[in-house]
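Engineer: Please find one structure pasted underneath; my questions will follow.
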Amino acid sequence: MTIARILQGKGGQVVSVAPLDDAAAIARTLAQHRIGAVLVRDAGGAVLGIVSERDIARALAAHEEATARLRAEQLMTRVLHTITPATSIADALALMTDRRVRHLPVLARDGSLAGMVSIGDLVKQRIAEAEQEAQQLRDFVTSAG
């Protein structure tokens with residue numbers, strides 16, 4: 001199973017913020033969309049980085065009340081780990097585990113943004129696959145008996 005299958009179900013829409021948006025606005029965006037991370041994109045749509053709840057928490061520990069005024073460009077993680085629609089779910093999970101990230105931008109062959117997946121998206125798909133396999137085994141045993 002590949003990431004393309006997940007994107008078919010959830011779509012390719014990605015919530016993003018501008019580099020000059022402050023942490024308070026980013027936190028509101030995360031809460032409004034019930035998500036854990038947003039991409040930081042410039043006016044032309046180029047992906048510059050990612051801001052996660054974890055980034056905001058770390059900034060809060062370091063800067064306390066000044067955190068609300070920090071801009072996305074100051075908070076964001078600039079080194080992005082990305083995947084393609086052809087990446088297997090197992091490989092994406094391995095990358096997340098290895099790099100200790102919970103969100104992966106999905107880039108098309110031409111480098112354009114195709115979507116973003118979270119650890120929750122991947123686990124949900126793996127559970128669905130396991131349930132389907134279990135049902136197939138039950139059906140096989142029932143028909144063989």
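Ligands are numbered from 1 in the order shown, chains are lettered A, B, ... in the order of the structure tokens, and residues start at 1 in each chain.
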List as a tab-separated table every residue of region 64-95 of chain A that is in contact with region 117-139 of chain A, defined as an atom at most 9 Å from one of its atoms (using only C-alpha atoms), together with the nearest atom pair and the distance in Å rounded to one decimal, sorted by chain and then rising number.

Structural biologist:
residue	atom	partner	partner_atom	distance
A:Ile89	CA	A:Leu122	CA	6.4
A:Ala90	CA	A:Leu122	CA	8.6
A:Ala92	CA	A:Leu122	CA	8.0
A:Leu93	CA	A:Leu122	CA	7.1

Engineer: Could you dump the residues just selected with all heavy atoms as a PDB file, in the first residue's frame?

Structural biologist:
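Output contents, as saved in out-v4.pdb:
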ATOM      1  N   ILE A  89       3.626   2.720   2.759  1.00  0.00           N
ATOM      2  CA  ILE A  89       3.262   3.130   4.106  1.00  0.00           C
ATOM      3  C   ILE A  89       4.314   2.647   5.097  1.00  0.00           C
ATOM      4  O   ILE A  89       4.699   3.384   6.009  1.00  0.00           O
ATOM      5  CB  ILE A  89       1.854   2.626   4.459  1.00  0.00           C
ATOM      6  CG1 ILE A  89       0.819   3.354   3.586  1.00  0.00           C
ATOM      7  CG2 ILE A  89       1.545   2.815   5.942  1.00  0.00           C
ATOM      8  CD1 ILE A  89      -0.581   2.817   3.677  1.00  0.00           C
ATOM      9  N   ALA A  90       4.816   1.438   4.895  1.00  0.00           N
ATOM     10  CA  ALA A  90       5.850   0.905   5.789  1.00  0.00           C
ATOM     11  C   ALA A  90       7.107   1.765   5.755  1.00  0.00           C
ATOM     12  O   ALA A  90       7.705   2.057   6.802  1.00  0.00           O
ATOM     13  CB  ALA A  90       6.177  -0.534   5.410  1.00  0.00           C
ATOM     14  N   ALA A  92       7.268   4.963   4.935  1.00  0.00           N
ATOM     15  CA  ALA A  92       6.948   6.255   5.547  1.00  0.00           C
ATOM     16  C   ALA A  92       6.969   6.135   7.072  1.00  0.00           C
ATOM     17  O   ALA A  92       7.516   7.006   7.758  1.00  0.00           O
ATOM     18  CB  ALA A  92       5.589   6.756   5.063  1.00  0.00           C
ATOM     19  N   LEU A  93       6.403   5.059   7.603  1.00  0.00           N
ATOM     20  CA  LEU A  93       6.438   4.836   9.048  1.00  0.00           C
ATOM     21  C   LEU A  93       7.870   4.683   9.553  1.00  0.00           C
ATOM     22  O   LEU A  93       8.216   5.220  10.616  1.00  0.00           O
ATOM     23  CB  LEU A  93       5.611   3.606   9.421  1.00  0.00           C
ATOM     24  CG  LEU A  93       4.102   3.793   9.439  1.00  0.00           C
ATOM     25  CD1 LEU A  93       3.391   2.446   9.514  1.00  0.00           C
ATOM     26  CD2 LEU A  93       3.681   4.687  10.590  1.00  0.00           C
TER      27      LEU A  93
END

Engineer: Give me the residues near region 53-64 of chain A as a PyMOL selection string, where near means some atom within 12 Å (using only C-alpha atoms) and where sequence neighbours in that chain fewer than 3 positions away do not count.

Structural biologist: chain A and resi 22-31+34-39+49-50+67-78+100-103

Engineer: Give me every strand (DSSP E) residue in chain A, going by DSSP on the backbone, as a ChimeraX atom specification.

Structural biologist: /A:16-17,37-41,47-52,103-107,113-118

Engineer: Put those residues in a file: N, CA and C atoms, as a PDB file, in the first residue's frame.

Structural biologist:
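The resulting file, selection-v4.pdb, is reproduced below:
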ATOM      1  N   SER A  16      -1.474  25.663   5.537  1.00  0.00           N
ATOM      2  CA  SER A  16      -0.168  26.300   5.635  1.00  0.00           C
ATOM      3  C   SER A  16      -0.306  27.700   6.202  1.00  0.00           C
ATOM      4  N   VAL A  17       0.829  28.244   6.611  1.00  0.00           N
ATOM      5  CA  VAL A  17       0.898  29.605   7.140  1.00  0.00           C
ATOM      6  C   VAL A  17       2.003  30.343   6.393  1.00  0.00           C
ATOM      7  N   ALA A  37       0.441  20.102  12.833  1.00  0.00           N
ATOM      8  CA  ALA A  37       1.532  20.800  12.143  1.00  0.00           C
ATOM      9  C   ALA A  37       0.993  21.514  10.914  1.00  0.00           C
ATOM     10  N   VAL A  38       1.688  22.581  10.537  1.00  0.00           N
ATOM     11  CA  VAL A  38       1.368  23.324   9.319  1.00  0.00           C
ATOM     12  C   VAL A  38       2.656  23.574   8.550  1.00  0.00           C
ATOM     13  N   LEU A  39       2.528  23.604   7.246  1.00  0.00           N
ATOM     14  CA  LEU A  39       3.679  23.972   6.432  1.00  0.00           C
ATOM     15  C   LEU A  39       3.792  25.483   6.379  1.00  0.00           C
ATOM     16  N   VAL A  40       5.009  25.969   6.285  1.00  0.00           N
ATOM     17  CA  VAL A  40       5.267  27.396   6.089  1.00  0.00           C
ATOM     18  C   VAL A  40       5.583  27.551   4.613  1.00  0.00           C
ATOM     19  N   ARG A  41       4.773  28.393   3.927  1.00  0.00           N
ATOM     20  CA  ARG A  41       4.932  28.568   2.487  1.00  0.00           C
ATOM     21  C   ARG A  41       5.028  30.050   2.164  1.00  0.00           C
ATOM     22  N   VAL A  47       7.428  25.647  -0.337  1.00  0.00           N
ATOM     23  CA  VAL A  47       7.494  25.182   1.045  1.00  0.00           C
ATOM     24  C   VAL A  47       8.844  25.582   1.641  1.00  0.00           C
ATOM     25  N   LEU A  48       8.784  26.313   2.745  1.00  0.00           N
ATOM     26  CA  LEU A  48       9.987  26.797   3.415  1.00  0.00           C
ATOM     27  C   LEU A  48      10.335  25.980   4.657  1.00  0.00           C
ATOM     28  N   GLY A  49       9.328  25.394   5.278  1.00  0.00           N
ATOM     29  CA  GLY A  49       9.539  24.638   6.504  1.00  0.00           C
ATOM     30  C   GLY A  49       8.224  24.139   7.063  1.00  0.00           C
ATOM     31  N   ILE A  50       8.278  23.685   8.302  1.00  0.00           N
ATOM     32  CA  ILE A  50       7.099  23.153   8.972  1.00  0.00           C
ATOM     33  C   ILE A  50       7.124  23.618  10.425  1.00  0.00           C
ATOM     34  N   VAL A  51       5.952  23.958  10.953  1.00  0.00           N
ATOM     35  CA  VAL A  51       5.818  24.303  12.368  1.00  0.00           C
ATOM     36  C   VAL A  51       4.855  23.295  12.977  1.00  0.00           C
ATOM     37  N   SER A  52       5.311  22.625  14.023  1.00  0.00           N
ATOM     38  CA  SER A  52       4.474  21.655  14.719  1.00  0.00           C
ATOM     39  C   SER A  52       4.186  22.137  16.133  1.00  0.00           C
ATOM     40  N   HIS A 103       4.842  14.181  10.918  1.00  0.00           N
ATOM     41  CA  HIS A 103       4.196  14.675   9.696  1.00  0.00           C
ATOM     42  C   HIS A 103       5.208  14.642   8.564  1.00  0.00           C
ATOM     43  N   LEU A 104       4.747  14.216   7.395  1.00  0.00           N
ATOM     44  CA  LEU A 104       5.604  14.166   6.210  1.00  0.00           C
ATOM     45  C   LEU A 104       4.913  14.838   5.031  1.00  0.00           C
ATOM     46  N   PRO A 105       5.509  15.898   4.492  1.00  0.00           N
ATOM     47  CA  PRO A 105       4.987  16.450   3.239  1.00  0.00           C
ATOM     48  C   PRO A 105       5.183  15.430   2.117  1.00  0.00           C
ATOM     49  N   VAL A 106       4.221  15.395   1.218  1.00  0.00           N
ATOM     50  CA  VAL A 106       4.266  14.479   0.075  1.00  0.00           C
ATOM     51  C   VAL A 106       4.516  15.316  -1.176  1.00  0.00           C
ATOM     52  N   LEU A 107       5.613  15.026  -1.853  1.00  0.00           N
ATOM     53  CA  LEU A 107       5.967  15.771  -3.054  1.00  0.00           C
ATOM     54  C   LEU A 107       5.774  14.908  -4.291  1.00  0.00           C
ATOM     55  N   LEU A 113       3.855  20.169  -4.238  1.00  0.00           N
ATOM     56  CA  LEU A 113       3.258  19.611  -3.035  1.00  0.00           C
ATOM     57  C   LEU A 113       1.997  18.830  -3.395  1.00  0.00           C
ATOM     58  N   ALA A 114       1.984  17.550  -3.050  1.00  0.00           N
ATOM     59  CA  ALA A 114       0.838  16.694  -3.351  1.00  0.00           C
ATOM     60  C   ALA A 114      -0.057  16.480  -2.137  1.00  0.00           C
ATOM     61  N   GLY A 115       0.465  16.771  -0.948  1.00  0.00           N
ATOM     62  CA  GLY A 115      -0.304  16.580   0.278  1.00  0.00           C
ATOM     63  C   GLY A 115       0.619  16.450   1.465  1.00  0.00           C
ATOM     64  N   MET A 116       0.036  16.049   2.585  1.00  0.00           N
ATOM     65  CA  MET A 116       0.824  15.796   3.785  1.00  0.00           C
ATOM     66  C   MET A 116       0.134  14.686   4.561  1.00  0.00           C
ATOM     67  N   VAL A 117       0.926  13.797   5.147  1.00  0.00           N
ATOM     68  CA  VAL A 117       0.374  12.712   5.951  1.00  0.00           C
ATOM     69  C   VAL A 117       0.933  12.803   7.367  1.00  0.00           C
ATOM     70  N   SER A 118       0.113  12.356   8.297  1.00  0.00           N
ATOM     71  CA  SER A 118       0.517  12.319   9.697  1.00  0.00           C
ATOM     72  C   SER A 118       0.689  10.872  10.128  1.00  0.00           C
TER      73      SER A 118
END

Engineer: Have a look at CA of Ser88 (chain A) and CA of Ala46 (chain A) and let me know their distance in Å, one decimal.

Structural biologist: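 Interatomic distance here is 24.9 Å.
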
Engineer: As a VMD selection string, please: all residues of chain A that backbone DSSP puts in helix (DSSP H, G or I).

Structural biologist: chain A and resid 3 to 10 23 to 33 53 to 69 72 to 75 89 to 99 119 to 144

Engineer: Which polymer residues have any atom within 10 Å of an atom of Arg5 (chain A), counting only C-alpha atoms, with same-chain residues fewer than 2 positions away left out, as a list in words?

Structural biologist: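 So the residues in contact are Met1, Thr2, Ile3, Leu7, Gln8, Gly9, Lys10, Gly11, Pro85, Ala86, Ser88, Ile89 and Gln125 of chain A.
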